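Have a look at target-v3.tsv; it's TSV, C-alpha atoms and all ligand atoms:
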```tsv
chain	number	residue	atom	x	y	z
V	29	MET	CA	-21.25	2.97	-23.71
V	30	PRO	CA	-23.99	4.07	-26.10
V	31	GLU	CA	-24.00	2.13	-29.35
V	32	LEU	CA	-25.80	2.89	-32.61
V	33	PRO	CA	-29.40	2.41	-31.35
V	34	GLU	CA	-28.87	4.62	-28.31
V	35	VAL	CA	-27.23	7.39	-30.35
V	36	GLU	CA	-29.95	7.14	-33.02
V	37	THR	CA	-32.58	7.44	-30.26
V	38	VAL	CA	-30.95	10.53	-28.77
V	39	LYS	CA	-30.47	12.14	-32.19
V	40	SER	CA	-34.13	11.59	-33.14
V	41	GLU	CA	-35.30	12.99	-29.82
V	42	ILE	CA	-33.22	16.16	-30.23
V	43	ALA	CA	-34.45	16.57	-33.82
V	44	ARG	CA	-38.07	16.20	-32.72
V	45	PHE	CA	-37.66	18.58	-29.82
V	46	LEU	CA	-35.53	21.36	-31.31
V	47	GLY	CA	-36.24	21.00	-35.03
V	48	ASN	CA	-34.82	23.97	-36.95
V	49	ALA	CA	-34.27	25.97	-33.80
V	50	LYS	CA	-32.24	29.15	-33.66
V	51	ILE	CA	-29.36	29.02	-31.18
V	52	LEU	CA	-29.71	32.04	-28.90
V	53	ASP	CA	-27.00	31.46	-26.33
V	54	MET	CA	-24.37	28.92	-25.42
V	55	LYS	CA	-22.36	28.45	-22.24
V	56	ILE	CA	-19.50	26.01	-21.84
V	57	TYR	CA	-18.68	25.45	-18.17
V	58	ASN	CA	-16.05	22.76	-18.60
V	59	ARG	CA	-13.91	22.51	-21.74
V	60	SER	CA	-11.97	19.44	-20.62
V	61	LEU	CA	-13.86	16.64	-22.29
V	62	ARG	CA	-12.02	13.81	-24.10
V	63	GLU	CA	-10.54	16.63	-26.12
V	64	LYS	CA	-10.34	20.24	-25.09
V	65	ILE	CA	-13.16	22.38	-26.50
V	66	SER	CA	-11.58	25.41	-28.17
V	67	GLU	CA	-11.96	28.81	-26.49
V	68	GLY	CA	-14.60	31.06	-27.96
V	69	VAL	CA	-16.23	28.42	-30.18
V	70	GLU	CA	-19.62	29.26	-28.65
V	71	THR	CA	-19.55	32.79	-30.09
V	72	LYS	CA	-19.33	31.28	-33.60
V	73	ILE	CA	-22.27	28.98	-32.93
V	74	VAL	CA	-24.72	31.47	-31.40
V	75	GLY	CA	-27.05	33.11	-33.92
V	76	ASN	CA	-27.25	30.13	-36.29
V	77	ASP	CA	-30.21	27.89	-37.04
V	78	ILE	CA	-29.91	24.12	-36.84
V	79	VAL	CA	-30.71	22.90	-40.36
V	80	LYS	CA	-30.15	19.14	-40.18
V	81	TYR	CA	-29.48	16.29	-37.75
V	82	GLU	CA	-27.50	13.20	-38.64
V	83	ARG	CA	-26.06	10.20	-36.92
V	84	CYS	CA	-22.64	9.16	-38.23
V	85	GLY	CA	-21.59	6.00	-36.45
V	86	LYS	CA	-21.86	6.84	-32.76
V	87	TYR	CA	-21.60	10.59	-33.40
V	88	ILE	CA	-24.47	13.06	-33.51
V	89	VAL	CA	-23.96	15.79	-36.12
V	90	MET	CA	-25.98	19.01	-36.15
V	91	ASN	CA	-25.54	21.04	-39.32
V	92	LEU	CA	-25.88	24.79	-38.85
V	93	SER	CA	-27.04	27.55	-41.20
V	94	ASN	CA	-23.47	28.91	-41.52
V	95	ASN	CA	-22.30	25.64	-43.18
V	96	TYR	CA	-20.52	24.50	-40.04
V	97	SER	CA	-21.50	21.48	-37.95
V	98	ILE	CA	-21.54	20.61	-34.30
V	99	VAL	CA	-20.25	17.07	-33.63
V	100	TRP	CA	-21.12	15.31	-30.37
V	101	HIS	CA	-19.99	12.00	-28.96
V	102	LEU	CA	-21.50	10.77	-25.71
V	103	GLY	CA	-18.39	8.86	-24.64
V	104	MET	CA	-19.07	6.58	-21.68
V	105	SER	CA	-21.44	8.57	-19.51
V	106	GLY	CA	-22.45	11.57	-21.66
V	107	ARG	CA	-26.11	12.52	-21.65
V	108	ILE	CA	-28.08	15.07	-23.59
V	109	LYS	CA	-31.04	16.54	-21.72
V	110	LEU	CA	-33.75	18.71	-23.22
V	111	TYR	CA	-35.83	21.28	-21.36
V	112	GLN	CA	-38.75	23.40	-22.43
V	113	ASP	CA	-38.11	25.89	-19.64
V	114	LYS	CA	-34.94	27.97	-19.85
V	115	ASN	CA	-34.98	28.29	-16.06
V	116	PHE	CA	-34.43	24.54	-15.61
V	117	GLU	CA	-32.50	23.38	-12.56
V	118	SER	CA	-28.88	22.85	-13.51
V	119	VAL	CA	-27.05	19.96	-11.82
V	120	LYS	CA	-23.45	18.84	-11.33
V	121	HIS	CA	-21.61	17.89	-14.56
V	122	ASP	CA	-23.85	20.02	-16.81
V	123	HIS	CA	-20.89	21.10	-18.97
V	124	ILE	CA	-22.58	22.67	-21.99
V	125	ILE	CA	-25.87	24.57	-22.05
V	126	MET	CA	-27.34	25.64	-25.37
V	127	GLN	CA	-30.37	27.94	-25.32
V	128	THR	CA	-32.54	27.99	-28.43
V	129	ASP	CA	-35.89	29.49	-29.37
V	130	LYS	CA	-37.41	25.97	-29.09
V	131	GLY	CA	-35.91	24.90	-25.77
V	132	VAL	CA	-32.67	24.13	-23.99
V	133	LEU	CA	-30.13	21.42	-24.74
V	134	VAL	CA	-27.81	20.43	-21.89
V	135	TYR	CA	-24.79	18.18	-22.15
V	136	ASN	CA	-24.02	16.38	-18.88
V	137	ASP	CA	-21.05	14.04	-18.55
V	138	PRO	CA	-19.66	12.91	-15.16
V	139	ARG	CA	-16.72	10.96	-16.61
V	140	ARG	CA	-16.00	13.46	-19.41
V	141	PHE	CA	-15.07	10.91	-22.10
V	142	GLY	CA	-17.55	12.59	-24.42
V	143	MET	CA	-16.65	14.95	-27.20
V	144	PHE	CA	-17.85	18.22	-28.66
V	145	ASP	CA	-16.41	19.80	-31.79
V	146	TYR	CA	-17.30	22.44	-34.39
V	147	VAL	CA	-16.14	21.85	-37.98
V	148	LYS	CA	-16.93	23.03	-41.49
V	149	THR	CA	-19.72	20.79	-42.82
V	150	ASP	CA	-17.85	20.20	-46.12
V	151	ASN	CA	-14.82	18.94	-44.18
V	152	LEU	CA	-16.70	16.46	-41.95
V	153	ASN	CA	-15.56	13.41	-43.91
V	154	LYS	CA	-11.94	14.50	-43.65
V	155	THR	CA	-12.01	14.80	-39.87
V	156	LYS	CA	-10.33	12.15	-37.76
V	157	TYR	CA	-13.77	11.12	-36.51
V	158	PHE	CA	-15.11	10.04	-39.87
V	159	GLN	CA	-12.09	9.52	-42.12
V	160	LYS	CA	-11.57	5.87	-41.22
V	161	MET	CA	-15.14	5.11	-40.31
V	162	GLY	CA	-16.59	1.95	-41.81
V	163	ILE	CA	-19.97	1.62	-43.50
V	164	ASP	CA	-23.21	2.37	-41.67
V	165	PRO	CA	-25.29	-0.79	-41.11
V	166	PHE	CA	-28.27	0.98	-42.71
V	167	ASP	CA	-26.33	2.01	-45.81
V	168	LYS	CA	-27.67	0.14	-48.88
V	169	ASN	CA	-24.11	-0.88	-49.74
V	170	PHE	CA	-23.84	-2.85	-46.52
V	171	ASP	CA	-24.63	-6.29	-47.93
V	172	ALA	CA	-23.32	-9.87	-48.01
V	173	ASP	CA	-20.74	-9.09	-50.72
V	174	PHE	CA	-19.39	-6.16	-48.72
V	175	LEU	CA	-19.11	-8.16	-45.52
V	176	PHE	CA	-17.63	-11.20	-47.26
V	177	ALA	CA	-14.96	-9.06	-48.97
V	178	HIS	CA	-13.88	-7.61	-45.61
V	179	PHE	CA	-14.28	-10.69	-43.43
V	180	SER	CA	-12.38	-12.97	-45.83
V	181	LYS	CA	-9.20	-10.99	-45.04
V	182	LYS	CA	-9.67	-11.07	-41.27
V	183	LYS	CA	-8.04	-13.79	-39.21
V	184	VAL	CA	-9.84	-12.77	-36.02
V	185	PRO	CA	-13.04	-14.26	-34.54
V	186	VAL	CA	-16.16	-13.05	-36.32
V	187	LYS	CA	-17.36	-11.36	-33.11
V	188	VAL	CA	-14.17	-9.27	-32.99
V	189	ALA	CA	-14.50	-8.43	-36.70
V	190	LEU	CA	-18.08	-7.23	-36.13
V	191	LEU	CA	-16.74	-4.77	-33.55
V	192	ASP	CA	-14.16	-3.39	-36.00
V	193	GLN	CA	-15.51	0.13	-36.59
V	194	SER	CA	-13.43	0.50	-39.76
V	195	ILE	CA	-15.55	-2.25	-41.39
V	196	VAL	CA	-19.04	-1.56	-40.00
V	197	ASN	CA	-19.56	1.32	-37.62
V	198	GLY	CA	-21.90	1.60	-34.68
V	199	ILE	CA	-22.02	-2.04	-33.56
V	200	GLY	CA	-20.69	-2.38	-30.03
V	201	ASN	CA	-20.34	-5.22	-27.61
V	202	ILE	CA	-24.01	-5.75	-26.71
V	203	TYR	CA	-25.29	-5.84	-30.27
V	204	ALA	CA	-22.42	-7.97	-31.66
V	205	SER	CA	-23.45	-10.83	-29.32
V	206	GLU	CA	-27.16	-10.36	-30.06
V	207	ILE	CA	-26.60	-10.21	-33.84
V	208	LEU	CA	-24.53	-13.42	-33.96
V	209	TYR	CA	-27.12	-15.16	-31.80
V	210	ASP	CA	-29.89	-14.07	-34.16
V	211	ALA	CA	-27.82	-15.24	-37.17
V	212	LYS	CA	-27.08	-18.55	-35.34
V	213	ILE	CA	-23.35	-18.16	-35.97
V	214	SER	CA	-20.72	-19.04	-33.37
V	215	PRO	CA	-18.68	-16.02	-32.23
V	216	LEU	CA	-15.62	-18.29	-32.05
V	217	ARG	CA	-15.36	-18.87	-35.80
V	218	SER	CA	-12.74	-16.99	-37.74
V	219	ALA	CA	-14.18	-14.12	-39.80
V	220	SER	CA	-12.26	-15.49	-42.80
V	221	ASP	CA	-14.25	-18.75	-42.60
V	222	ILE	CA	-17.69	-17.13	-42.75
V	223	LYS	CA	-19.42	-18.13	-46.00
V	224	ILE	CA	-21.23	-15.65	-48.23
V	225	GLY	CA	-24.63	-17.08	-47.22
V	226	GLU	CA	-23.74	-16.57	-43.58
V	227	CYS	CA	-22.65	-13.00	-44.32
V	228	GLU	CA	-26.16	-12.50	-45.71
V	229	LYS	CA	-27.61	-13.79	-42.42
V	230	ILE	CA	-25.39	-11.41	-40.44
V	231	VAL	CA	-26.50	-8.45	-42.57
V	232	VAL	CA	-30.18	-9.32	-42.08
V	233	SER	CA	-29.74	-9.93	-38.33
V	234	THR	CA	-27.75	-6.71	-37.91
V	235	ARG	CA	-30.54	-4.55	-39.33
V	236	LYS	CA	-33.22	-6.54	-37.52
V	237	ILE	CA	-31.57	-6.29	-34.09
V	238	LEU	CA	-30.56	-2.63	-34.48
V	239	ASN	CA	-34.05	-1.66	-35.70
V	240	LYS	CA	-35.68	-3.47	-32.78
V	241	ALA	CA	-33.28	-1.76	-30.39
V	242	ILE	CA	-34.08	1.67	-31.88
V	243	GLU	CA	-37.84	0.95	-31.61
V	244	ASN	CA	-37.25	0.21	-27.92
V	245	GLY	CA	-35.19	3.32	-27.26
V	246	GLY	CA	-31.91	1.41	-26.97
V	247	SER	CA	-30.49	-0.58	-24.06
V	248	THR	CA	-29.85	0.90	-20.62
V	249	LEU	CA	-27.30	-1.11	-18.67
V	250	ARG	CA	-25.60	1.62	-16.67
V	251	ASP	CA	-25.29	5.21	-17.79
V	252	TYR	CA	-27.38	5.56	-20.90
V	253	HIS	CA	-30.60	7.57	-20.55
V	254	LYS	CA	-32.88	9.13	-23.09
V	255	THR	CA	-33.15	12.93	-23.31
V	256	ASP	CA	-36.04	13.05	-20.83
V	257	GLY	CA	-34.07	10.97	-18.32
V	258	SER	CA	-36.04	7.77	-18.95
V	259	VAL	CA	-34.29	4.50	-19.80
V	260	GLY	CA	-34.25	2.37	-22.94
V	261	HIS	CA	-36.08	-0.95	-22.95
V	262	PHE	CA	-34.16	-3.17	-25.33
V	263	GLN	CA	-32.15	-4.69	-22.43
V	264	ASN	CA	-35.37	-6.54	-21.55
V	265	LEU	CA	-35.31	-8.15	-25.00
V	266	HIS	CA	-31.67	-9.26	-24.99
V	267	CYS	CA	-31.42	-12.97	-25.78
V	268	VAL	CA	-27.85	-13.68	-24.66
V	269	TYR	CA	-26.10	-10.51	-23.48
V	270	ASN	CA	-25.48	-10.66	-19.70
V	271	LYS	CA	-27.45	-13.93	-19.47
V	272	THR	CA	-24.70	-16.36	-18.48
V	273	GLY	CA	-26.08	-19.75	-17.40
V	274	GLN	CA	-29.62	-19.04	-18.51
V	275	LYS	CA	-31.59	-20.90	-21.16
V	276	CYS	CA	-31.64	-19.12	-24.48
V	277	PRO	CA	-35.07	-18.17	-25.83
V	278	LYS	CA	-34.82	-19.97	-29.17
V	279	CYS	CA	-33.55	-23.45	-28.39
V	280	LYS	CA	-34.35	-26.39	-26.17
V	281	CYS	CA	-30.85	-26.67	-24.74
V	282	ASP	CA	-30.69	-28.43	-21.41
V	283	VAL	CA	-29.29	-25.87	-18.98
V	284	LEU	CA	-28.40	-28.58	-16.42
V	285	ASN	CA	-26.38	-30.52	-18.98
V	286	GLY	CA	-25.00	-27.77	-21.16
V	287	GLY	CA	-24.78	-24.93	-18.67
V	288	GLY	CA	-26.93	-22.55	-20.70
V	289	ILE	CA	-25.63	-19.35	-22.26
V	290	LYS	CA	-21.83	-19.13	-22.18
V	291	LYS	CA	-19.70	-16.12	-21.41
V	292	ILE	CA	-16.20	-15.93	-22.83
V	293	VAL	CA	-13.70	-13.10	-23.30
V	294	GLN	CA	-12.56	-12.17	-26.81
V	295	ALA	CA	-10.11	-9.34	-27.42
V	296	GLY	CA	-10.73	-8.18	-23.86
V	297	ARG	CA	-14.51	-7.95	-24.22
V	298	SER	CA	-17.22	-10.29	-22.98
V	299	THR	CA	-19.04	-12.41	-25.53
V	300	PHE	CA	-22.29	-14.24	-24.77
V	301	TYR	CA	-23.58	-17.11	-26.91
V	302	CYS	CA	-25.42	-20.43	-27.01
V	303	GLU	CA	-23.23	-23.38	-28.02
V	304	THR	CA	-26.24	-25.44	-29.08
V	305	LEU	CA	-27.83	-22.89	-31.37
V	306	GLN	CA	-24.82	-21.06	-32.77
V	307	LYS	CA	-22.61	-23.06	-35.13
Z	1	ZN	ZN	-29.68	-22.23	-26.51
```

In structure tokens, how does this file's structure come out?
Ligand SMILES: [Zn+2]
Amino acid sequence: MPELPEVETVKSEIARFLGNAKILDMKIYNRSLREKISEGVETKIVGNDIVKYERCGKYIVMNLSNNYSIVWHLGMSGRIKLYQDKNFESVKHDHIIMQTDKGVLVYNDPRRFGMFDYVKTDNLNKTKYFQKMGIDPFDKNFDADFLFAHFSKKKVPVKVALLDQSIVNGIGNIYASEILYDAKISPLRSASDIKIGECEKIVVSTRKILNKAIENGGSTLRDYHKTDGSVGHFQNLHCVYNKTGQKCPKCKCDVLNGGGIKKIVQAGRSTFYCETLQK
């Protein structure tokens, strides 16, 4: 599932490609995504310019000139493809096709867990998507004090707390393991036991790992592709994720003695970490 770096990558690519394009035509071939797309919404969208692109958590928001916004979520397997040529070759699962004066945007989603909605820009924060959304990791208010205040009340492992989208949004399973590895903090510790100085390390590592991932176009493990169909490269820089039994890059742990990087399951999700380095 795309996490913050993948969604940020896709958003930036659309913004670069379409800019302030005018939407000339829109066809919706399948309305049954995670939620049903309302009938006739495309007629309200056509004729507007795109004025701004934002990423809110794992959502892409396109603000239109009529003060309404398009909200996308890529779900599990959703992909946005961009074409210069309006006579591009459409393939199976191309559910939404948006023609603009700068090119074509196509939403393809085999598993249809993605989402598409159209809401008044002023009401975005009141929608169910954003109402309970936690802070963005790049928000200046995301700091050690913020994290400490939230973590001190949580009796769950720190890895599970990092995945709680109502505290910090956009961090998914891959990056939670990578961030705790970078901060040298064991994922097994209770969030309530994390000291303020350690919260500071987590904040620094979060921005560092997410920025590196964005620079590398995100991580492609299964479905995620960039808008030109190419893959991200950050998976090649993962230190612990999916590396069970291997030696971690930062320590001299003896793989034969210690078994290398460990994989455990926390709250139903895999966690990868190094017992020697992460305390
Ligand atoms: Zn190690």

Using only C-alpha atoms, which residues sit within 9 Å of Arg140 of chain V once same-chain residues fewer than 6 positions away are excluded, as a PyMOL selection string? chain V and resi 60-62+102-106+121

Could you name the residues that touch Ser194 of chain V at 8 Å or less, counting all atoms listed in the file, but leaving out those on the same chain fewer than 5 positions away, as an mmCIF file with C-alpha atoms, in the coordinates of the input?
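Saved result, part.cif, follows:
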```cif
data_model
loop_
_atom_site.group_PDB
_atom_site.id
_atom_site.type_symbol
_atom_site.label_atom_id
_atom_site.label_comp_id
_atom_site.auth_asym_id
_atom_site.auth_seq_id
_atom_site.Cartn_x
_atom_site.Cartn_y
_atom_site.Cartn_z
ATOM 1 C CA LYS V 160 -11.570 5.870 -41.220
ATOM 2 C CA MET V 161 -15.140 5.110 -40.310
ATOM 3 C CA GLY V 162 -16.590 1.950 -41.810
ATOM 4 C CA ILE V 163 -19.970 1.620 -43.500
#
```

Using only C-alpha atoms and all ligand atoms, determine which residues fall within 6 Å of ligand ZN 1 (chain Z), then list them as a short mmCIF file (atom, residue, chain, number, x, y, z; two decimals) with C-alpha atoms, in the frame of the given file.
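Contents of result_14.cif, freshly written:
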```cif
data_model
loop_
_atom_site.label_atom_id
_atom_site.label_comp_id
_atom_site.auth_asym_id
_atom_site.auth_seq_id
_atom_site.Cartn_x
_atom_site.Cartn_y
_atom_site.Cartn_z
CA LYS V 275 -31.59 -20.90 -21.16
CA CYS V 276 -31.64 -19.12 -24.48
CA CYS V 279 -33.55 -23.45 -28.39
CA CYS V 281 -30.85 -26.67 -24.74
CA CYS V 302 -25.42 -20.43 -27.01
CA THR V 304 -26.24 -25.44 -29.08
CA LEU V 305 -27.83 -22.89 -31.37
#
```

With a distance cut-off of 10 Å and all atoms listed in the file, select the neighbouring residues of Phe158 of chain V, excluding the residue or stretch itself and same-chain residues fewer than 4 positions from it, and output the selection as a ChimeraX atom specification. /V:84-85,87,151-154,162,194

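Every protein, DNA or RNA residue with an atom at most 9 Å from Asn91 of chain V, where only C-alpha atoms count and chain neighbours fewer than 4 positions away do not, is listed here: Asp77, Ile78, Val79, Lys80, Tyr81, Glu82, Asn95, Tyr96, Ser97, Ile98, Val99 and Thr149 of chain V.
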
Find the residues with any atom within 10 Å of (-13.8, -12.9, -25.0); use only C-alpha atoms and the coordinates as given in the file, and write the answer as a tab-separated table (two decimals) with C-alpha atoms, in the frame of the given file.
```tsv
chain	number	residue	atom	x	y	z
V	185	PRO	CA	-13.04	-14.26	-34.54
V	187	LYS	CA	-17.36	-11.36	-33.11
V	188	VAL	CA	-14.17	-9.27	-32.99
V	215	PRO	CA	-18.68	-16.02	-32.23
V	216	LEU	CA	-15.62	-18.29	-32.05
V	291	LYS	CA	-19.70	-16.12	-21.41
V	292	ILE	CA	-16.20	-15.93	-22.83
V	293	VAL	CA	-13.70	-13.10	-23.30
V	294	GLN	CA	-12.56	-12.17	-26.81
V	295	ALA	CA	-10.11	-9.34	-27.42
V	296	GLY	CA	-10.73	-8.18	-23.86
V	297	ARG	CA	-14.51	-7.95	-24.22
V	298	SER	CA	-17.22	-10.29	-22.98
V	299	THR	CA	-19.04	-12.41	-25.53
V	300	PHE	CA	-22.29	-14.24	-24.77
```

Could you model N, CA, C and O atoms for segment 207-224 of chain V and present them as a PDB file, in the coordinates of the input?
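And here's out-v4.pdb as it stands now:
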```pdb
ATOM      1  N   ILE V 207     -26.520  -9.999 -32.381  1.00  0.00           N
ATOM      2  CA  ILE V 207     -26.600 -10.210 -33.840  1.00  0.00           C
ATOM      3  C   ILE V 207     -26.150 -11.630 -34.198  1.00  0.00           C
ATOM      4  O   ILE V 207     -26.820 -12.338 -34.956  1.00  0.00           O
ATOM      5  N   LEU V 208     -25.027 -12.073 -33.634  1.00  0.00           N
ATOM      6  CA  LEU V 208     -24.530 -13.420 -33.960  1.00  0.00           C
ATOM      7  C   LEU V 208     -25.478 -14.492 -33.433  1.00  0.00           C
ATOM      8  O   LEU V 208     -25.648 -15.536 -34.048  1.00  0.00           O
ATOM      9  N   TYR V 209     -26.116 -14.217 -32.309  1.00  0.00           N
ATOM     10  CA  TYR V 209     -27.120 -15.160 -31.800  1.00  0.00           C
ATOM     11  C   TYR V 209     -28.287 -15.241 -32.786  1.00  0.00           C
ATOM     12  O   TYR V 209     -28.732 -16.325 -33.154  1.00  0.00           O
ATOM     13  N   ASP V 210     -28.762 -14.101 -33.220  1.00  0.00           N
ATOM     14  CA  ASP V 210     -29.890 -14.070 -34.160  1.00  0.00           C
ATOM     15  C   ASP V 210     -29.531 -14.777 -35.474  1.00  0.00           C
ATOM     16  O   ASP V 210     -30.357 -15.459 -36.070  1.00  0.00           O
ATOM     17  N   ALA V 211     -28.271 -14.618 -35.906  1.00  0.00           N
ATOM     18  CA  ALA V 211     -27.820 -15.240 -37.170  1.00  0.00           C
ATOM     19  C   ALA V 211     -27.424 -16.702 -36.965  1.00  0.00           C
ATOM     20  O   ALA V 211     -27.096 -17.400 -37.929  1.00  0.00           O
ATOM     21  N   LYS V 212     -27.434 -17.168 -35.699  1.00  0.00           N
ATOM     22  CA  LYS V 212     -27.080 -18.550 -35.340  1.00  0.00           C
ATOM     23  C   LYS V 212     -25.647 -18.910 -35.744  1.00  0.00           C
ATOM     24  O   LYS V 212     -25.352 -20.011 -36.192  1.00  0.00           O
ATOM     25  N   ILE V 213     -24.754 -17.932 -35.612  1.00  0.00           N
ATOM     26  CA  ILE V 213     -23.350 -18.160 -35.970  1.00  0.00           C
ATOM     27  C   ILE V 213     -22.481 -18.061 -34.710  1.00  0.00           C
ATOM     28  O   ILE V 213     -22.637 -17.124 -33.913  1.00  0.00           O
ATOM     29  N   SER V 214     -21.580 -19.027 -34.555  1.00  0.00           N
ATOM     30  CA  SER V 214     -20.720 -19.040 -33.370  1.00  0.00           C
ATOM     31  C   SER V 214     -19.733 -17.874 -33.406  1.00  0.00           C
ATOM     32  O   SER V 214     -19.053 -17.669 -34.415  1.00  0.00           O
ATOM     33  N   PRO V 215     -19.622 -17.147 -32.283  1.00  0.00           N
ATOM     34  CA  PRO V 215     -18.680 -16.020 -32.230  1.00  0.00           C
ATOM     35  C   PRO V 215     -17.223 -16.458 -32.285  1.00  0.00           C
ATOM     36  O   PRO V 215     -16.332 -15.645 -32.503  1.00  0.00           O
ATOM     37  N   LEU V 216     -16.990 -17.770 -32.091  1.00  0.00           N
ATOM     38  CA  LEU V 216     -15.620 -18.290 -32.050  1.00  0.00           C
ATOM     39  C   LEU V 216     -15.019 -18.491 -33.434  1.00  0.00           C
ATOM     40  O   LEU V 216     -13.811 -18.577 -33.591  1.00  0.00           O
ATOM     41  N   ARG V 217     -15.879 -18.592 -34.450  1.00  0.00           N
ATOM     42  CA  ARG V 217     -15.360 -18.870 -35.800  1.00  0.00           C
ATOM     43  C   ARG V 217     -14.531 -17.712 -36.326  1.00  0.00           C
ATOM     44  O   ARG V 217     -14.798 -16.549 -36.030  1.00  0.00           O
ATOM     45  N   SER V 218     -13.562 -18.036 -37.142  1.00  0.00           N
ATOM     46  CA  SER V 218     -12.740 -16.990 -37.740  1.00  0.00           C
ATOM     47  C   SER V 218     -13.582 -16.236 -38.781  1.00  0.00           C
ATOM     48  O   SER V 218     -14.344 -16.847 -39.541  1.00  0.00           O
ATOM     49  N   ALA V 219     -13.438 -14.931 -38.816  1.00  0.00           N
ATOM     50  CA  ALA V 219     -14.180 -14.120 -39.800  1.00  0.00           C
ATOM     51  C   ALA V 219     -13.887 -14.615 -41.211  1.00  0.00           C
ATOM     52  O   ALA V 219     -14.773 -14.643 -42.068  1.00  0.00           O
ATOM     53  N   SER V 220     -12.645 -15.067 -41.443  1.00  0.00           N
ATOM     54  CA  SER V 220     -12.260 -15.490 -42.800  1.00  0.00           C
ATOM     55  C   SER V 220     -12.961 -16.781 -43.229  1.00  0.00           C
ATOM     56  O   SER V 220     -12.959 -17.125 -44.408  1.00  0.00           O
ATOM     57  N   ASP V 221     -13.552 -17.509 -42.271  1.00  0.00           N
ATOM     58  CA  ASP V 221     -14.250 -18.750 -42.600  1.00  0.00           C
ATOM     59  C   ASP V 221     -15.761 -18.567 -42.804  1.00  0.00           C
ATOM     60  O   ASP V 221     -16.471 -19.531 -43.087  1.00  0.00           O
ATOM     61  N   ILE V 222     -16.245 -17.372 -42.624  1.00  0.00           N
ATOM     62  CA  ILE V 222     -17.690 -17.130 -42.750  1.00  0.00           C
ATOM     63  C   ILE V 222     -18.065 -17.114 -44.234  1.00  0.00           C
ATOM     64  O   ILE V 222     -17.502 -16.353 -45.021  1.00  0.00           O
ATOM     65  N   LYS V 223     -19.016 -18.001 -44.601  1.00  0.00           N
ATOM     66  CA  LYS V 223     -19.420 -18.130 -46.000  1.00  0.00           C
ATOM     67  C   LYS V 223     -20.313 -16.951 -46.418  1.00  0.00           C
ATOM     68  O   LYS V 223     -20.891 -16.281 -45.569  1.00  0.00           O
ATOM     69  N   ILE V 224     -20.452 -16.776 -47.716  1.00  0.00           N
ATOM     70  CA  ILE V 224     -21.230 -15.650 -48.230  1.00  0.00           C
ATOM     71  C   ILE V 224     -22.691 -15.706 -47.737  1.00  0.00           C
ATOM     72  O   ILE V 224     -23.279 -14.691 -47.363  1.00  0.00           O
TER      73      ILE V 224
END
```
